[in-house]
file model-v1.csv (CSV, C-alpha atoms)
chain,number,residue,atom,x,y,z
A,189,MET,CA,-49.5,116.6,-10.9
A,190,ASN,CA,-50.0,116.5,-7.2
A,191,PHE,CA,-50.0,113.5,-5.0
A,192,LYS,CA,-53.8,113.1,-5.1
A,193,SER,CA,-54.2,113.0,-8.8
A,194,LEU,CA,-51.1,110.7,-9.1
A,195,LEU,CA,-52.9,108.4,-6.7
A,196,ALA,CA,-56.1,108.7,-8.7
A,197,ALA,CA,-54.3,108.0,-11.9
A,198,SER,CA,-52.6,104.9,-10.4
A,199,VAL,CA,-55.8,103.6,-9.0
A,200,LEU,CA,-57.5,104.2,-12.4
A,201,SER,CA,-54.7,102.4,-14.2
A,202,THR,CA,-54.9,99.5,-11.8
A,203,LEU,CA,-58.7,99.3,-12.4
A,204,SER,CA,-58.3,99.4,-16.1
A,205,LEU,CA,-55.6,96.7,-15.8
A,206,GLY,CA,-58.1,94.7,-13.8
A,207,GLN,CA,-60.7,95.2,-16.4
A,208,ALA,CA,-58.2,94.2,-19.1
A,209,GLN,CA,-57.5,90.9,-17.2
A,210,ALA,CA,-61.2,90.2,-17.1
A,211,ALA,CA,-60.8,90.2,-20.9
A,212,ASP,CA,-63.4,91.2,-23.5
A,213,TYR,CA,-62.5,88.2,-25.7
A,214,VAL,CA,-62.8,84.7,-24.5
A,215,ILE,CA,-60.3,82.3,-26.0
A,216,ASP,CA,-62.3,79.8,-28.1
A,217,THR,CA,-61.3,76.6,-26.5
A,218,ALA,CA,-64.9,75.4,-26.5
A,219,ALA,CA,-64.8,74.9,-30.3
A,220,VAL,CA,-61.0,74.5,-30.3
A,221,HIS,CA,-59.9,77.4,-32.4
A,222,ALA,CA,-56.9,77.8,-30.2
A,223,SER,CA,-53.9,75.7,-29.4
A,224,ILE,CA,-50.8,75.8,-27.3
A,225,ASN,CA,-48.1,73.8,-29.1
A,226,PHE,CA,-44.4,73.2,-28.3
A,227,ARG,CA,-41.5,71.8,-30.1
A,228,ILE,CA,-38.1,70.7,-28.8
A,229,LYS,CA,-35.1,69.2,-30.5
A,230,HIS,CA,-34.7,65.5,-30.1
A,231,LEU,CA,-31.0,64.8,-29.7
A,232,GLY,CA,-30.4,67.7,-32.0
A,233,TYR,CA,-31.5,65.5,-34.9
A,234,SER,CA,-35.2,66.3,-35.3
A,235,TRP,CA,-38.1,68.3,-33.8
A,236,LEU,CA,-40.4,66.6,-31.3
A,237,THR,CA,-43.8,68.3,-31.2
A,238,GLY,CA,-46.6,68.3,-28.6
A,239,ARG,CA,-49.2,70.4,-27.1
A,240,PHE,CA,-51.3,71.2,-24.1
A,241,ASP,CA,-54.9,70.0,-24.7
A,242,GLN,CA,-56.6,71.9,-21.9
A,243,PHE,CA,-56.2,75.7,-21.2
A,244,SER,CA,-58.4,78.7,-20.9
A,245,GLY,CA,-58.1,82.5,-20.9
A,246,GLY,CA,-59.0,85.7,-22.6
A,247,PHE,CA,-57.7,88.9,-24.0
A,248,ALA,CA,-58.6,92.5,-24.2
A,249,PHE,CA,-58.1,94.0,-27.6
A,250,ASP,CA,-59.2,97.2,-29.3
A,251,ALA,CA,-58.0,97.6,-32.9
A,252,GLU,CA,-58.0,101.4,-32.3
A,253,ALA,CA,-55.7,101.2,-29.3
A,254,PRO,CA,-53.7,97.9,-29.7
A,255,ALA,CA,-51.1,98.9,-27.2
A,256,ASP,CA,-53.7,98.7,-24.4
A,257,SER,CA,-54.3,95.0,-25.2
A,258,SER,CA,-53.7,92.4,-22.6
A,259,VAL,CA,-53.8,88.6,-22.5
A,260,GLN,CA,-54.2,86.0,-19.8
A,261,VAL,CA,-53.9,82.3,-20.2
A,262,GLU,CA,-54.1,79.4,-17.8
A,263,ILE,CA,-52.8,75.9,-18.8
A,264,ASP,CA,-53.7,72.5,-17.2
A,265,THR,CA,-50.2,71.0,-17.2
A,266,ALA,CA,-51.5,67.5,-16.9
A,267,SER,CA,-53.0,67.9,-20.4
A,268,VAL,CA,-49.6,67.7,-22.0
A,269,ASN,CA,-49.8,65.5,-25.1
A,270,SER,CA,-46.9,64.4,-27.2
A,271,ASN,CA,-48.8,61.5,-28.8
A,272,ASN,CA,-46.9,58.9,-26.8
A,273,ALA,CA,-48.5,57.8,-23.5
A,274,GLU,CA,-45.3,56.6,-21.9
A,275,ARG,CA,-43.5,59.8,-22.7
A,276,ASP,CA,-46.5,61.8,-21.5
A,277,ILE,CA,-46.3,60.0,-18.1
A,278,HIS,CA,-42.7,61.0,-17.9
A,279,LEU,CA,-43.4,64.6,-18.9
A,280,ARG,CA,-46.0,64.8,-16.1
A,281,SER,CA,-43.6,63.3,-13.6
A,282,GLY,CA,-41.2,65.1,-11.2
A,283,ASP,CA,-38.6,65.0,-13.9
A,284,PHE,CA,-40.5,67.7,-15.9
A,285,LEU,CA,-43.8,69.3,-15.2
A,286,ASP,CA,-44.5,67.7,-11.9
A,287,VAL,CA,-48.2,68.1,-12.4
A,288,GLY,CA,-49.2,66.7,-9.0
A,289,LYS,CA,-47.5,69.7,-7.4
A,290,PHE,CA,-48.0,72.2,-10.2
A,291,PRO,CA,-51.3,71.5,-11.9
A,292,LYS,CA,-51.5,75.0,-13.5
A,293,ALA,CA,-49.2,77.1,-15.6
A,294,SER,CA,-50.2,80.7,-16.3
A,295,PHE,CA,-49.2,83.7,-18.3
A,296,THR,CA,-50.4,87.2,-17.7
A,297,SER,CA,-49.2,90.0,-19.9
A,298,THR,CA,-47.8,93.2,-18.3
A,299,SER,CA,-47.0,95.4,-21.3
A,300,MET,CA,-47.2,95.5,-25.0
A,301,ALA,CA,-45.0,97.1,-27.6
A,302,VAL,CA,-46.9,97.3,-30.9
A,303,THR,CA,-45.4,97.7,-34.3
A,304,GLY,CA,-48.0,97.6,-37.1
A,305,GLU,CA,-49.7,94.2,-36.9
A,306,SER,CA,-47.1,92.7,-34.6
A,307,ALA,CA,-46.3,93.1,-30.9
A,308,VAL,CA,-43.8,92.1,-28.4
A,309,VAL,CA,-45.8,91.0,-25.4
A,310,THR,CA,-44.1,91.1,-22.0
A,311,GLY,CA,-45.6,89.2,-19.2
A,312,ASP,CA,-45.1,86.8,-16.3
A,313,LEU,CA,-45.1,83.1,-16.9
A,314,THR,CA,-45.6,80.8,-14.0
A,315,LEU,CA,-44.5,77.3,-14.8
A,316,HIS,CA,-43.3,74.5,-12.6
A,317,GLY,CA,-43.8,76.8,-9.6
A,318,VAL,CA,-41.4,79.4,-11.0
A,319,THR,CA,-42.5,82.8,-12.1
A,320,ARG,CA,-40.4,84.7,-14.6
A,321,GLU,CA,-40.8,87.5,-17.0
A,322,ILE,CA,-40.9,86.4,-20.6
A,323,THR,CA,-41.6,88.0,-24.0
A,324,LEU,CA,-43.8,86.7,-26.7
A,325,ASN,CA,-43.6,87.7,-30.4
A,326,ALA,CA,-47.2,88.1,-31.4
A,327,ASP,CA,-48.8,88.7,-34.8
A,328,PHE,CA,-52.3,89.9,-35.3
A,329,LEU,CA,-53.8,87.7,-38.0
A,330,GLY,CA,-57.3,89.1,-38.3
A,331,GLY,CA,-60.5,90.0,-36.7
A,332,GLY,CA,-64.1,91.0,-37.3
A,333,LYS,CA,-67.5,89.5,-37.7
A,334,ASP,CA,-67.9,85.8,-37.9
A,335,PRO,CA,-70.7,84.1,-40.0
A,336,TRP,CA,-72.7,83.2,-36.9
A,337,GLY,CA,-73.4,86.7,-35.5
A,338,GLY,CA,-70.3,87.0,-33.3
A,339,VAL,CA,-67.1,89.0,-33.4
A,340,ARG,CA,-63.7,87.3,-33.3
A,341,ALA,CA,-60.0,88.2,-33.4
A,342,GLY,CA,-57.0,86.0,-33.7
A,343,PHE,CA,-53.3,86.0,-33.0
A,344,THR,CA,-50.3,83.8,-33.1
A,345,ALA,CA,-47.4,84.1,-30.7
A,346,THR,CA,-44.1,82.4,-30.2
A,347,THR,CA,-41.5,82.3,-27.5
A,348,THR,CA,-38.5,80.2,-26.6
A,349,LEU,CA,-38.1,79.0,-23.0
A,350,THR,CA,-35.0,77.6,-21.3
A,351,LEU,CA,-36.2,74.6,-19.3
A,352,ALA,CA,-33.7,75.1,-16.6
A,353,ASP,CA,-35.0,78.7,-16.0
A,354,PHE,CA,-38.2,77.0,-14.8
A,355,GLY,CA,-36.4,74.5,-12.6
A,356,MET,CA,-36.7,71.6,-15.1
A,357,THR,CA,-33.1,70.2,-15.2
A,358,TYR,CA,-33.6,66.7,-16.4
A,359,ASN,CA,-30.8,66.1,-18.9
A,360,LEU,CA,-32.2,65.8,-22.4
A,361,GLY,CA,-28.8,66.8,-24.0
A,362,PRO,CA,-27.4,70.2,-25.0
A,363,ALA,CA,-29.7,70.5,-28.1
A,364,SER,CA,-32.8,70.2,-26.0
A,365,ALA,CA,-32.1,72.8,-23.3
A,366,THR,CA,-34.7,75.2,-24.8
A,367,ILE,CA,-38.2,74.6,-26.0
A,368,GLU,CA,-40.2,76.7,-28.5
A,369,MET,CA,-43.8,77.5,-27.6
A,370,GLN,CA,-46.4,78.5,-30.1
A,371,LEU,CA,-49.8,79.9,-29.1
A,372,ASN,CA,-52.6,80.1,-31.6
A,373,ILE,CA,-55.4,82.1,-30.1
A,374,GLU,CA,-58.8,82.9,-31.5
A,375,GLY,CA,-61.1,84.9,-29.2
A,376,VAL,CA,-64.8,85.4,-29.2
A,377,LYS,CA,-66.0,88.8,-28.1
A,378,LYS,CA,-68.2,88.7,-25.0
B,69,MET,CA,-46.0,14.7,-15.9
B,70,LYS,CA,-48.9,15.4,-13.5
B,71,SER,CA,-48.4,16.1,-9.9
B,72,THR,CA,-48.9,13.2,-7.4
B,73,ASP,CA,-50.0,13.1,-3.8
B,74,GLN,CA,-46.3,13.3,-2.9
B,75,GLY,CA,-45.2,16.3,-4.9
B,76,TYR,CA,-45.5,18.5,-7.9
B,77,GLY,CA,-44.8,17.2,-11.4
B,78,LEU,CA,-42.2,18.7,-13.7
B,79,PRO,CA,-44.5,21.1,-15.6
B,80,ALA,CA,-45.8,22.6,-12.4
B,81,ARG,CA,-42.3,23.0,-10.9
B,82,LEU,CA,-40.9,24.5,-14.1
B,83,LEU,CA,-43.7,26.9,-14.3
B,84,HIS,CA,-43.4,27.8,-10.6
B,85,TRP,CA,-39.7,28.4,-10.5
B,86,GLY,CA,-39.4,29.9,-14.0
B,87,MET,CA,-42.1,32.4,-13.3
B,88,ALA,CA,-40.7,33.1,-9.8
B,89,ILE,CA,-37.3,34.0,-11.2
B,90,ALA,CA,-38.8,36.0,-14.0
B,91,ILE,CA,-41.1,37.9,-11.7
B,92,LEU,CA,-38.4,38.9,-9.3
B,93,ALA,CA,-36.1,39.9,-12.2
B,94,MET,CA,-39.0,41.9,-13.7
B,95,PHE,CA,-39.5,43.8,-10.4
B,96,GLY,CA,-35.8,44.7,-10.2
B,97,LEU,CA,-35.8,45.6,-13.9
B,98,GLY,CA,-38.9,47.8,-13.5
B,99,VAL,CA,-37.5,49.7,-10.5
B,100,TRP,CA,-34.1,50.1,-12.1
B,101,MET,CA,-35.2,51.2,-15.6
B,102,ARG,CA,-37.1,54.1,-14.1
B,103,THR,CA,-33.9,55.5,-12.7
B,104,LEU,CA,-32.0,55.5,-16.1
B,105,SER,CA,-30.9,58.8,-17.6
B,106,TYR,CA,-32.0,59.7,-21.1
B,107,TYR,CA,-28.5,59.1,-22.4
B,108,SER,CA,-28.2,55.6,-20.9
B,109,THR,CA,-27.9,52.9,-23.6
B,110,TRP,CA,-30.5,51.0,-21.6
B,111,TYR,CA,-33.0,53.9,-21.7
B,112,HIS,CA,-35.1,52.2,-24.4
B,113,ARG,CA,-33.7,48.7,-24.2
B,114,ALA,CA,-34.7,48.0,-20.6
B,115,PRO,CA,-38.4,48.9,-21.1
B,116,ASP,CA,-38.4,46.9,-24.3
B,117,ILE,CA,-37.1,43.9,-22.5
B,118,HIS,CA,-39.5,44.5,-19.6
B,119,LYS,CA,-42.5,44.6,-21.9
B,120,SER,CA,-41.4,41.6,-23.9
B,121,ILE,CA,-40.9,39.4,-20.8
B,122,GLY,CA,-44.2,40.8,-19.5
B,123,ILE,CA,-46.1,39.4,-22.5
B,124,ILE,CA,-44.3,36.0,-22.2
B,125,LEU,CA,-45.2,36.0,-18.5
B,126,LEU,CA,-48.8,36.6,-19.4
B,127,LEU,CA,-48.8,33.6,-21.6
B,128,ALA,CA,-47.1,31.6,-18.9
B,129,LEU,CA,-49.7,32.7,-16.4
B,130,CYS,CA,-52.5,31.5,-18.7
B,131,LEU,CA,-50.8,28.2,-19.3
B,132,ARG,CA,-50.1,27.8,-15.6
B,133,PHE,CA,-53.7,28.5,-14.7
B,134,ILE,CA,-55.0,25.9,-17.2
B,135,TRP,CA,-52.4,23.4,-15.9
B,136,HIS,CA,-53.5,24.2,-12.3
B,137,LEU,CA,-57.1,23.2,-13.3
B,138,LEU,CA,-56.0,20.0,-15.0
B,139,ASP,CA,-53.3,18.9,-12.7
B,140,HIS,CA,-53.6,16.7,-9.7
B,141,ARG,CA,-53.2,18.5,-6.3
B,142,PRO,CA,-50.6,17.0,-4.0
B,143,ASP,CA,-52.0,15.8,-0.7
B,144,ASP,CA,-52.2,18.6,1.9
B,145,SER,CA,-54.2,16.7,4.6
B,146,TYR,CA,-51.2,17.1,6.9
B,147,LEU,CA,-51.8,20.9,7.0
B,148,LYS,CA,-54.2,22.5,9.5
B,149,SER,CA,-57.4,23.6,7.9
B,150,SER,CA,-56.5,27.3,8.7
B,151,GLU,CA,-53.2,26.8,6.8
B,152,ARG,CA,-55.0,25.4,3.8
B,153,LYS,CA,-57.4,28.3,3.8
B,154,ILE,CA,-54.7,30.9,4.0
B,155,SER,CA,-52.5,29.2,1.4
B,156,ALA,CA,-55.5,29.0,-1.0
B,157,LEU,CA,-56.1,32.7,-0.4
B,158,VAL,CA,-52.4,33.5,-1.1
B,159,HIS,CA,-52.3,31.3,-4.2
B,160,HIS,CA,-55.4,32.8,-5.7
B,161,GLY,CA,-54.2,36.2,-4.7
B,162,PHE,CA,-51.1,35.5,-6.8
B,163,TYR,CA,-53.2,34.7,-9.9
B,164,LEU,CA,-55.4,37.7,-9.4
B,165,LEU,CA,-52.6,40.2,-8.7
B,166,LEU,CA,-50.4,39.0,-11.6
B,167,ALA,CA,-53.3,39.2,-14.0
B,168,ALA,CA,-54.2,42.7,-12.9
B,169,LEU,CA,-50.5,43.8,-12.8
B,170,MET,CA,-49.9,42.5,-16.3
B,171,ALA,CA,-53.2,44.1,-17.6
B,172,ALA,CA,-52.1,47.5,-16.2
B,173,GLY,CA,-48.6,47.1,-17.6
B,174,TYR,CA,-50.0,46.2,-21.0
B,175,LEU,CA,-52.3,49.3,-20.9
B,176,ILE,CA,-49.4,51.7,-20.0
B,177,ALA,CA,-47.7,50.6,-23.3
B,178,THR,CA,-50.8,50.4,-25.5
B,179,LEU,CA,-53.4,53.0,-24.4
B,180,ASP,CA,-52.2,55.4,-27.1
B,181,GLY,CA,-52.4,52.7,-29.8
B,182,HIS,CA,-48.8,51.6,-29.8
B,183,VAL,CA,-48.1,47.9,-30.2
B,184,ILE,CA,-45.8,45.9,-27.9
B,185,SER,CA,-43.0,44.2,-29.9
B,186,VAL,CA,-42.0,41.0,-28.1
B,187,PHE,CA,-38.3,40.9,-28.8
B,188,GLY,CA,-39.1,41.7,-32.4
B,189,TRP,CA,-40.6,38.3,-32.8
B,190,ALA,CA,-44.3,39.3,-32.7
B,191,ASP,CA,-46.4,42.5,-32.2
B,192,VAL,CA,-49.1,42.5,-29.6
B,193,PRO,CA,-51.8,45.0,-30.8
B,194,ALA,CA,-53.4,47.7,-28.7
B,195,LEU,CA,-56.8,46.2,-27.9
B,196,TYR,CA,-58.1,49.2,-25.8
B,197,GLN,CA,-57.2,52.8,-26.5
B,198,GLN,CA,-58.0,55.5,-24.1
B,199,LYS,CA,-55.3,58.2,-24.0
B,200,GLY,CA,-55.4,60.0,-20.7
B,201,LEU,CA,-55.7,56.8,-18.6
B,202,GLU,CA,-52.0,56.1,-18.8
B,203,ASP,CA,-51.2,57.8,-15.5
B,204,TRP,CA,-53.7,55.6,-13.7
B,205,ALA,CA,-52.4,52.5,-15.4
B,206,GLY,CA,-48.9,53.5,-14.3
B,207,LEU,CA,-49.9,54.1,-10.7
B,208,ILE,CA,-51.9,50.8,-10.5
B,209,HIS,CA,-49.0,48.9,-12.1
B,210,GLU,CA,-46.6,50.3,-9.5
B,211,TRP,CA,-48.8,49.6,-6.5
B,212,LEU,CA,-49.7,46.1,-7.6
B,213,ALA,CA,-46.0,45.4,-8.1
B,214,TYR,CA,-45.3,46.3,-4.5
B,215,ALA,CA,-48.4,44.4,-3.4
B,216,LEU,CA,-47.1,41.4,-5.3
B,217,MET,CA,-43.7,41.6,-3.7
B,218,ALA,CA,-45.4,41.7,-0.3
B,219,LEU,CA,-47.2,38.5,-1.2
B,220,VAL,CA,-43.9,37.0,-2.4
B,221,VAL,CA,-42.4,37.7,1.0
B,222,LEU,CA,-45.3,36.1,2.8
B,223,HIS,CA,-45.3,33.1,0.5
B,224,ALA,CA,-41.5,32.6,0.8
B,225,ALA,CA,-41.6,33.1,4.6
B,226,ALA,CA,-44.4,30.5,4.9
B,227,ALA,CA,-42.4,28.0,2.7
B,228,LEU,CA,-39.3,28.5,4.9
B,229,LYS,CA,-41.4,28.1,8.0
B,230,HIS,CA,-42.8,24.8,6.9
B,231,HIS,CA,-39.3,23.6,6.0
B,232,PHE,CA,-37.3,24.7,9.0
B,233,VAL,CA,-39.8,25.1,11.8
B,234,ASP,CA,-42.6,22.6,11.0
B,235,ARG,CA,-40.0,20.3,9.2
B,236,ASP,CA,-42.7,19.1,6.8
B,237,LYS,CA,-42.5,18.4,3.0
B,238,THR,CA,-44.3,21.5,1.8
B,239,LEU,CA,-41.2,23.1,0.2
B,240,GLN,CA,-39.7,19.8,-0.8
B,241,ARG,CA,-42.8,19.0,-2.9
B,242,MET,CA,-42.0,22.0,-5.1
B,243,ILE,CA,-38.3,20.9,-5.5
B,244,ARG,CA,-38.6,17.2,-6.3
B,245,SER,CA,-41.5,15.1,-7.5
B,246,ASN,CA,-41.1,12.5,-4.8
B,247,PRO,CA,-39.8,14.0,-1.6
B,248,LYS,CA,-39.1,11.7,1.4
call {"tool": "encode", "arguments": {"input": "model-v1.csv", "output": "structure tokens"}}
result
Amino acid sequence: MNFKSLLAASVLSTLSLGQAQAADYVIDTAAVHASINFRIKHLGYSWLTGRFDQFSGGFAFDAEAPADSSVQVEIDTASVNSNNAERDIHLRSGDFLDVGKFPKASFTSTSMAVTGESAVVTGDLTLHGVTREITLNADFLGGGKDPWGGVRAGFTATTTLTLADFGMTYNLGPASATIEMQLNIEGVKK
Amino acid sequence: MKSTDQGYGLPARLLHWGMAIAILAMFGLGVWMRTLSYYSTWYHRAPDIHKSIGIILLLALCLRFIWHLLDHRPDDSYLKSSERKISALVHHGFYLLLAALMAAGYLIATLDGHVISVFGWADVPALYQQKGLEDWAGLIHEWLAYALMALVVLHAAAALKHHFVDRDKTLQRMIRSNPK
């Protein structure tokens, strides 16, 4: 392969990546068939759960070539909801998400290792102004025609984040240094 | 019981000084409790006390306003008309600011449907629920608290000025019922 074709190939792959980011499935936040949930240990005694109510995104998915899939999600950090208004004020403050300064968190996948119906999704998560590479463990749940004339596909994915990795160092105790994220994503094909 | 031309009656003075001490303590408590770490034994206790005293202060404010309407006003004809106007403005400002401050504080705690337990004696229900407004309620509560403290400084400075500079009975009236 000479330099020219190498260049052409890299341009092509950039283009297809760009296309993938544009996504042929839109995450169905409109009818709320998607959620971004989290759980974190409270004192090490129980699980505290919450979610982000506002987010958007899409994914590219082809059942024939699942390894070419990509996903992109943007979260409104101010929409954090742990079902306790006073705690949510605290979560939005400078001690945690600092939503005034960092109103958005985003995830963009960079590669995909598919095994059967599962995949390890590697990508960049930007949270609290810090961008780090993370991996998600994703499972394909199903896809196909919906009863209303559309085509849908859905996934669930989990990952564990260390709060300090993203510059959130408020001391919640040793059992609460990490937080588990769960994404339930249903997309409607454009 | 009622105030006279010479000075304020016992109920008016008790309400004034009781609320003055409580309000200053509440400001300090409010600022301090936000600095507590999660593992402080006061992390939950301090806000619980703050909310409980807040509800009691709200009742005291209502009581005081009613008493203010019923009570006799001490004679203030010795003041300049401009002083009377400014003092009326500051005093009404106190009622308005306190009412708004307490309403905002109440909303912070109850917008999500939680009740306020007043020292475990009684639960104050959430009358208005609108999750998502808690950040606004918090900001408004904070700014009104600072505005209130500015008014307190103005009020105290005016009282001291009347006492030490003008050497009149303005401050004395709030200390004893029949100042010389």
call {"tool": "atom_distance", "arguments": {"input": "model-v1.csv", "atom1": "atom CA of Ile208 of chain B", "atom2": "atom CA of Leu169 of chain B"}}
result
7.5 Å
call {"tool": "residues_around", "arguments": {"input": "model-v1.csv", "residues": "Asp276 of chain A", "least_positions_apart": "4", "cutoff": "10 Å", "atoms": "only C-alpha atoms", "output": "list in words"}}
result
Gly238, Ala266, Ser267, Val268, Asn269, Ser270, Asn271, Asn272, Arg280 and Ser281 of chain A; Lys199, Gly200, Glu202 and Asp203 of chain B
call {"tool": "closest_atom_pairs", "arguments": {"input": "model-v1.csv", "of": "chain B", "to": "chain A", "cutoff": "9 Å", "atoms": "only C-alpha atoms", "output": "Markdown table"}}
result
| residue | atom | partner | partner_atom | distance |
| --- | --- | --- | --- | --- |
| B:Ser105 | CA | A:Asn359 | CA | 7.4 |
| B:Tyr106 | CA | A:Leu360 | CA | 6.2 |
| B:Tyr107 | CA | A:Leu360 | CA | 7.7 |
| B:Ile176 | CA | A:Glu274 | CA | 6.7 |
| B:Ala177 | CA | A:Glu274 | CA | 6.6 |
| B:Thr178 | CA | A:Ala273 | CA | 8.0 |
| B:Leu179 | CA | A:Ala273 | CA | 6.9 |
| B:Asp180 | CA | A:Ala273 | CA | 5.7 |
| B:Gly181 | CA | A:Asn272 | CA | 8.8 |
| B:His182 | CA | A:Asn272 | CA | 8.1 |
| B:Lys199 | CA | A:Ala273 | CA | 6.8 |
| B:Gly200 | CA | A:Ala273 | CA | 7.8 |
| B:Leu201 | CA | A:Ala273 | CA | 8.8 |
| B:Glu202 | CA | A:Ala273 | CA | 6.1 |
| B:Asp203 | CA | A:Ile277 | CA | 6.0 |
| B:Gly206 | CA | A:Ile277 | CA | 8.0 |
call {"tool": "residues_around", "arguments": {"input": "model-v1.csv", "residues": "Lys377 of chain A", "least_positions_apart": "4", "cutoff": "6 Å", "atoms": "only C-alpha atoms", "output": "mmCIF file with C-alpha atoms, in the coordinates of the input"}}
result
data_model
loop_
_atom_site.group_PDB
_atom_site.id
_atom_site.type_symbol
_atom_site.label_atom_id
_atom_site.label_comp_id
_atom_site.auth_asym_id
_atom_site.auth_seq_id
_atom_site.Cartn_x
_atom_site.Cartn_y
_atom_site.Cartn_z
ATOM 1 C CA ASP A 212 -63.400 91.200 -23.500
ATOM 2 C CA TYR A 213 -62.500 88.200 -25.700
ATOM 3 C CA VAL A 339 -67.100 89.000 -33.400
ATOM 4 C CA ARG A 340 -63.700 87.300 -33.300
#
call {"tool": "atom_distance", "arguments": {"input": "model-v1.csv", "atom1": "atom CA of Lys292 of chain A", "atom2": "atom CA of Thr265 of chain A"}}
result
5.6 Å
call {"tool": "closest_residue", "arguments": {"input": "model-v1.csv", "among": "B:His112, B:Lys70, B:His223, B:His231", "to": "Ser155 of chain B", "atoms": "only C-alpha atoms"}}
result
B:His223
call {"tool": "residues_around", "arguments": {"input": "model-v1.csv", "residues": "Ala227 of chain B", "least_positions_apart": "3", "cutoff": "12 Å", "atoms": "all atoms listed in the file", "output": "PyMOL selection string"}}
result
chain B and resi 151+155+220-224+230-243
call {"tool": "residues_around", "arguments": {"input": "model-v1.csv", "residues": "Leu329 of chain A", "least_positions_apart": "4", "cutoff": "9 Å", "atoms": "all atoms listed in the file", "output": "ChimeraX atom specification"}}
result
/A:305,341-344
call {"tool": "residues_around", "arguments": {"input": "model-v1.csv", "residues": "segment 349-355 of chain A", "least_positions_apart": "4", "cutoff": "12 Å", "atoms": "all atoms listed in the file", "output": "PDB file with C-alpha atoms, in the coordinates of the input"}}
result
ATOM      1  CA  PHE A 226     -44.400  73.200 -28.300  1.00  0.00           C
ATOM      2  CA  ARG A 227     -41.500  71.800 -30.100  1.00  0.00           C
ATOM      3  CA  ILE A 228     -38.100  70.700 -28.800  1.00  0.00           C
ATOM      4  CA  GLY A 282     -41.200  65.100 -11.200  1.00  0.00           C
ATOM      5  CA  ASP A 283     -38.600  65.000 -13.900  1.00  0.00           C
ATOM      6  CA  PHE A 284     -40.500  67.700 -15.900  1.00  0.00           C
ATOM      7  CA  LEU A 285     -43.800  69.300 -15.200  1.00  0.00           C
ATOM      8  CA  ASP A 286     -44.500  67.700 -11.900  1.00  0.00           C
ATOM      9  CA  PHE A 290     -48.000  72.200 -10.200  1.00  0.00           C
ATOM     10  CA  ALA A 293     -49.200  77.100 -15.600  1.00  0.00           C
ATOM     11  CA  LEU A 313     -45.100  83.100 -16.900  1.00  0.00           C
ATOM     12  CA  THR A 314     -45.600  80.800 -14.000  1.00  0.00           C
ATOM     13  CA  LEU A 315     -44.500  77.300 -14.800  1.00  0.00           C
ATOM     14  CA  HIS A 316     -43.300  74.500 -12.600  1.00  0.00           C
ATOM     15  CA  GLY A 317     -43.800  76.800  -9.600  1.00  0.00           C
ATOM     16  CA  VAL A 318     -41.400  79.400 -11.000  1.00  0.00           C
ATOM     17  CA  THR A 319     -42.500  82.800 -12.100  1.00  0.00           C
ATOM     18  CA  ARG A 320     -40.400  84.700 -14.600  1.00  0.00           C
ATOM     19  CA  GLU A 321     -40.800  87.500 -17.000  1.00  0.00           C
ATOM     20  CA  ILE A 322     -40.900  86.400 -20.600  1.00  0.00           C
ATOM     21  CA  THR A 323     -41.600  88.000 -24.000  1.00  0.00           C
ATOM     22  CA  LEU A 324     -43.800  86.700 -26.700  1.00  0.00           C
ATOM     23  CA  ASN A 359     -30.800  66.100 -18.900  1.00  0.00           C
ATOM     24  CA  LEU A 360     -32.200  65.800 -22.400  1.00  0.00           C
ATOM     25  CA  GLY A 361     -28.800  66.800 -24.000  1.00  0.00           C
ATOM     26  CA  PRO A 362     -27.400  70.200 -25.000  1.00  0.00           C
ATOM     27  CA  ALA A 363     -29.700  70.500 -28.100  1.00  0.00           C
ATOM     28  CA  SER A 364     -32.800  70.200 -26.000  1.00  0.00           C
ATOM     29  CA  ALA A 365     -32.100  72.800 -23.300  1.00  0.00           C
ATOM     30  CA  THR A 366     -34.700  75.200 -24.800  1.00  0.00           C
ATOM     31  CA  ILE A 367     -38.200  74.600 -26.000  1.00  0.00           C
ATOM     32  CA  GLU A 368     -40.200  76.700 -28.500  1.00  0.00           C
ATOM     33  CA  MET A 369     -43.800  77.500 -27.600  1.00  0.00           C
ATOM     34  CA  GLN A 370     -46.400  78.500 -30.100  1.00  0.00           C
TER      35      GLN A 370
END
call {"tool": "atom_distance", "arguments": {"input": "model-v1.csv", "atom1": "atom CA of Asp241 of chain A", "atom2": "atom CA of Trp204 of chain B"}}
result
18.2 Å
call {"tool": "residues_near_point", "arguments": {"input": "model-v1.csv", "point": "(-52.9, 74.0, -25.6)", "cutoff": "6 Å", "atoms": "only C-alpha atoms", "output": "list of chain:residue names"}}
result
A:Ser223, A:Ile224, A:Asn225, A:Arg239, A:Phe240, A:Asp241, A:Gln242, A:Phe243
call {"tool": "closest_residue", "arguments": {"input": "model-v1.csv", "among": "A:Lys378, A:Ala255, A:Phe249, A:Thr357", "to": "Gly331 of chain A", "atoms": "all atoms listed in the file"}}
result
A:Phe249
call {"tool": "closest_residue", "arguments": {"input": "model-v1.csv", "among": "B:Leu127, B:Leu165, B:Ala114, B:Ala156", "to": "Ala218 of chain B", "atoms": "only C-alpha atoms"}}
result
B:Leu165
call {"tool": "closest_residue", "arguments": {"input": "model-v1.csv", "among": "A:Pro291, A:Gly304, A:Gly375, A:Gly311", "to": "Gly338 of chain A", "atoms": "all atoms listed in the file"}}
result
A:Gly375
